[in-house]
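Peer 1: The structure's right below; bear with me while I get my questions together.
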2 protein chains.
Amino acid sequence: METAEALHSAAIRLLRLVRTEDAQSGVGPAQLSALSVLVFRGELTLGELAALEQVRPPTMSRIVDGLVQRKLAQRVSAAADRRAVKLTATAQGRTLLLAGKARRVRALAKRMAAFTKDEIKTLEAAAELLGKL
Amino acid sequence: METAEALHSAAIRLLRLVRTEDAQSGVGPAQLSALSVLVFRGELTLGELAALEQVRPPTMSRIVDGLVQRKLAQRVSAAADRRAVKLTATAQGRTLLLAGKARRVRALAKRMAAFTKDEIKTLEAAAELLGKL
DNA sequence: CGCTAATACTTAGCATAGCTAACTTATAGT
DNA sequence: ACTATAAGTTAGCTATGCTAAGTATTAGCG
């Protein structure tokens, strides 16, 4: 439990630090997060994306409206099931997202410059463990 | 850089996992986050709280409106500078926040049950390192 | 085959949460 | 005192969350 609490606090602090970089993208947090899923997981239906993002379909529908207006994603009617909508990131969307993520990671790496090699090893190992959650 | 990226992803995943618990509190994320700062750092002015939460004063003013309406926090005019407003969490606010945080931590600890003692040691060490960021 | 039920998404309308601009009140600096 | 600065609030915009209800399509079944 103590470790869980410490990790929880650390995660909040970490994301609070990097969040400041996102303003530069000119895109809101929900749109950025949804776009990230589209870029890294590829084509998804709206319902699948809503589930992954832990929001209801109407919310995701509007988030996607924003992404489409900004030409960062595309809506395509699914061939197999014409009720469904297939979503993909555009090249522009991919570029914007990767640039934003790189800014975040660079900001974090800069803060980590004071760590020793052994400390980095520990952090690396911890990150891998957390991937199994 | 690779470690920074891995930690970044891990932090996002971790908070995504625990976020599901927050719906039970019946209070929005911005109010919960602001209340958390009030509980753990004690009395603050509105401007100080806005800076810590990385939002502008008008945004924080409205978040505090919500907390006050729900009787989770109090506004008190500051004695030394009557332009300023001192904010404190109420007993009810403290209780609600601590219950919510406990739910989050329990949910995370449950997911961590499969880890060995050595792995927990690694995570503990990593959390402490991240506290220095 | 055709009717009903279920599914995928959208629309409408509400609350919360972010911003800038402009206003009010109080303090500070000549 | 007079002006400038500082702290909060108010007003009004956009974005993001929800539920309820509507539309279109697919599935189930007699």
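Please note that chains go A, B, ... in the order of the structure tokens, that every chain numbers its residues from 1, and that ligands are numbered from 1 in the order shown.
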Could you give me, as a Markdown table, every chain A residue with an atom at most 8 Å from chain C, plus its closest atom pair and distance in Å to one decimal, counting only C-alpha atoms (C1' of nucleotides), rows ordered by chain then number?
Peer 2:
| residue | atom | partner | partner_atom | distance |
| --- | --- | --- | --- | --- |
| A:Gly47 | CA | C:DA8 | C1' | 7.5 |
| A:Pro57 | CA | C:DC9 | C1' | 7.6 |
| A:Pro58 | CA | C:DT10 | C1' | 7.3 |
| A:Ser61 | CA | C:DT10 | C1' | 7.6 |
| A:Arg83 | CA | C:DA8 | C1' | 5.2 |
| A:Ala84 | CA | C:DA8 | C1' | 5.4 |
| A:Val85 | CA | C:DC9 | C1' | 7.8 |
Peer 1: Go ahead and dump the residues you just picked, C-alpha atoms, as a PDB file, in the first residue's frame.
Peer 2:
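Here's the written file part.pdb:
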ATOM      1  CA  GLY A  47     -17.020   3.014 -29.721  1.00  0.00           C
ATOM      2  CA  PRO A  57     -19.756   7.593 -27.121  1.00  0.00           C
ATOM      3  CA  PRO A  58     -21.431  11.033 -27.338  1.00  0.00           C
ATOM      4  CA  SER A  61     -18.220  11.780 -31.050  1.00  0.00           C
ATOM      5  CA  ARG A  83     -23.589   1.729 -38.553  1.00  0.00           C
ATOM      6  CA  ALA A  84     -19.974   1.896 -37.400  1.00  0.00           C
ATOM      7  CA  VAL A  85     -17.406   4.604 -38.078  1.00  0.00           C
TER       8      VAL A  85
END
Peer 1: List the spatial neighbours of range 3-14 of chain A as JSON, numbers by chain - criterion: any atom at most 10 Å away, only C-alpha atoms (C1' of nucleotides), same-chain residues fewer than 5 positions off excluded.
Peer 2: {"A": [19, 108, 130], "B": [7, 8, 10, 11, 12, 13, 14, 15, 18, 101, 102, 104, 105, 106, 107, 108, 109, 110, 111, 112, 120, 121, 122, 123, 124, 125, 126, 127, 128, 129, 130, 131, 132, 133]}
Peer 1: Quick one: write out the picked residues with N, CA and C atoms as a CSV table (one decimal), in the first residue's frame?
Peer 2:
chain,number,residue,atom,x,y,z
A,19,ARG,N,2.8,18.4,-18.5
A,19,ARG,CA,1.6,18.9,-19.1
A,19,ARG,C,1.7,20.3,-19.6
A,108,LEU,N,10.8,16.0,-19.7
A,108,LEU,CA,11.0,15.1,-18.6
A,108,LEU,C,12.5,14.7,-18.5
A,130,LEU,N,5.7,-1.5,-14.4
A,130,LEU,CA,4.4,-0.8,-14.4
A,130,LEU,C,3.7,-1.1,-15.7
B,7,LEU,N,8.8,6.1,-18.6
B,7,LEU,CA,8.1,6.6,-17.4
B,7,LEU,C,6.9,7.4,-17.7
B,8,HIS,N,7.0,8.1,-18.8
B,8,HIS,CA,5.8,8.9,-19.2
B,8,HIS,C,4.6,8.0,-19.6
B,10,ALA,N,4.2,5.0,-18.6
B,10,ALA,CA,3.8,4.2,-17.4
B,10,ALA,C,2.9,5.1,-16.5
B,11,ALA,N,3.3,6.4,-16.4
B,11,ALA,CA,2.5,7.3,-15.5
B,11,ALA,C,1.1,7.5,-16.1
B,12,ILE,N,1.0,7.6,-17.4
B,12,ILE,CA,-0.3,7.8,-18.0
B,12,ILE,C,-1.2,6.6,-17.8
B,13,ARG,N,-0.6,5.4,-18.0
B,13,ARG,CA,-1.3,4.2,-17.7
B,13,ARG,C,-1.8,4.0,-16.3
B,14,LEU,N,-0.9,4.3,-15.4
B,14,LEU,CA,-1.2,4.2,-14.0
B,14,LEU,C,-2.4,5.1,-13.6
B,15,LEU,N,-2.3,6.4,-14.0
B,15,LEU,CA,-3.4,7.3,-13.6
B,15,LEU,C,-4.7,6.9,-14.3
B,18,VAL,N,-6.4,4.3,-12.1
B,18,VAL,CA,-7.0,4.7,-10.9
B,18,VAL,C,-8.1,5.7,-11.0
B,101,LYS,N,-8.9,9.2,-2.2
B,101,LYS,CA,-7.5,8.9,-2.4
B,101,LYS,C,-7.3,7.4,-2.0
B,102,ALA,N,-7.9,7.0,-0.9
B,102,ALA,CA,-7.7,5.7,-0.4
B,102,ALA,C,-8.3,4.7,-1.4
B,104,ARG,N,-8.4,5.1,-4.7
B,104,ARG,CA,-7.4,5.1,-5.8
B,104,ARG,C,-6.2,4.2,-5.4
B,105,VAL,N,-5.7,4.4,-4.2
B,105,VAL,CA,-4.5,3.7,-3.8
B,105,VAL,C,-4.8,2.2,-3.6
B,106,ARG,N,-6.0,1.9,-3.1
B,106,ARG,CA,-6.4,0.4,-2.9
B,106,ARG,C,-6.5,-0.2,-4.3
B,107,ALA,N,-7.1,0.5,-5.3
B,107,ALA,CA,-7.3,-0.1,-6.6
B,107,ALA,C,-5.9,-0.4,-7.2
B,108,LEU,N,-5.0,0.6,-7.0
B,108,LEU,CA,-3.6,0.4,-7.6
B,108,LEU,C,-2.9,-0.8,-6.8
B,109,ALA,N,-3.0,-0.8,-5.5
B,109,ALA,CA,-2.3,-1.9,-4.7
B,109,ALA,C,-2.8,-3.2,-5.2
B,110,LYS,N,-4.1,-3.3,-5.4
B,110,LYS,CA,-4.7,-4.6,-5.9
B,110,LYS,C,-4.1,-5.1,-7.2
B,111,ARG,N,-3.9,-4.1,-8.1
B,111,ARG,CA,-3.2,-4.5,-9.3
B,111,ARG,C,-1.8,-4.9,-9.2
B,112,MET,N,-1.2,-4.5,-8.1
B,112,MET,CA,0.2,-4.7,-7.8
B,112,MET,C,0.5,-6.0,-7.0
B,120,ILE,N,8.7,-4.9,-5.8
B,120,ILE,CA,8.1,-3.8,-5.0
B,120,ILE,C,9.2,-2.9,-4.5
B,121,LYS,N,10.4,-3.5,-4.1
B,121,LYS,CA,11.5,-2.7,-3.7
B,121,LYS,C,11.9,-1.7,-4.8
B,122,THR,N,12.0,-2.3,-6.0
B,122,THR,CA,12.4,-1.5,-7.2
B,122,THR,C,11.4,-0.3,-7.4
B,123,LEU,N,10.1,-0.6,-7.3
B,123,LEU,CA,9.1,0.4,-7.5
B,123,LEU,C,9.2,1.5,-6.4
B,124,GLU,N,9.4,1.0,-5.2
B,124,GLU,CA,9.6,2.0,-4.1
B,124,GLU,C,10.7,2.9,-4.3
B,125,ALA,N,11.8,2.3,-4.7
B,125,ALA,CA,13.0,3.2,-5.0
B,125,ALA,C,12.8,4.2,-6.1
B,126,ALA,N,12.1,3.7,-7.2
B,126,ALA,CA,11.8,4.6,-8.3
B,126,ALA,C,10.9,5.7,-7.9
B,127,ALA,N,9.9,5.4,-7.1
B,127,ALA,CA,9.0,6.5,-6.6
B,127,ALA,C,9.7,7.5,-5.8
B,128,GLU,N,10.7,7.1,-5.0
B,128,GLU,CA,11.4,8.0,-4.2
B,128,GLU,C,12.3,8.9,-5.1
B,129,LEU,N,12.9,8.3,-6.1
B,129,LEU,CA,13.7,9.1,-7.1
B,129,LEU,C,12.8,10.1,-7.8
B,130,LEU,N,11.7,9.7,-8.2
B,130,LEU,CA,10.8,10.6,-8.9
B,130,LEU,C,10.3,11.8,-8.0
B,131,GLY,N,10.3,11.6,-6.7
B,131,GLY,CA,10.0,12.6,-5.8
B,131,GLY,C,11.0,13.8,-5.9
B,132,LYS,N,12.2,13.5,-6.4
B,132,LYS,CA,13.2,14.6,-6.4
B,132,LYS,C,13.1,15.4,-7.7
B,133,LEU,N,12.3,15.0,-8.6
B,133,LEU,CA,12.2,15.8,-9.9
B,133,LEU,C,11.8,17.2,-9.7
Peer 1: As a list in words, could you give me every residue of chain A near chain D (at most 9 Å apart, counting only C-alpha atoms (C1' of nucleotides))?
Peer 2: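 Putting it all together, I get Gly28, Ala30, Val55, Arg56, Pro58, Thr59, Arg62, Ile63, Asp81, Arg82, Arg83 and Ala84 of chain A.
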Peer 1: Residues of range 13-123 of chain A in helix (DSSP H, G or I) according to DSSP, as a ChimeraX atom specification?
Peer 2: /A:13-25,29-41,46-52,57-69,91-111,117-123
Peer 1: As number ranges by chain, please: all residues of chain B that backbone DSSP puts in strand (DSSP E).
Peer 2: B: 44-45, 73-77, 85-89
Peer 1: Please produce an output containing C-alpha atoms for each residue in the selection, written as a PDB file, in the first residue's frame.
Peer 2:
ATOM      1  CA  LEU B  44      -3.568  29.048   0.636  1.00  0.00           C
ATOM      2  CA  THR B  45      -4.715  32.139  -1.232  1.00  0.00           C
ATOM      3  CA  ALA B  73     -13.856  24.281   1.306  1.00  0.00           C
ATOM      4  CA  GLN B  74     -14.167  27.740   2.842  1.00  0.00           C
ATOM      5  CA  ARG B  75     -13.333  31.234   1.599  1.00  0.00           C
ATOM      6  CA  VAL B  76     -12.079  33.648   4.265  1.00  0.00           C
ATOM      7  CA  SER B  77     -10.970  37.202   3.570  1.00  0.00           C
ATOM      8  CA  VAL B  85      -8.874  35.301  -0.107  1.00  0.00           C
ATOM      9  CA  LYS B  86      -7.658  32.526   2.180  1.00  0.00           C
ATOM     10  CA  LEU B  87      -8.892  29.047   1.331  1.00  0.00           C
ATOM     11  CA  THR B  88      -9.133  26.026   3.615  1.00  0.00           C
ATOM     12  CA  ALA B  89     -10.659  22.578   3.296  1.00  0.00           C
TER      13      ALA B  89
END
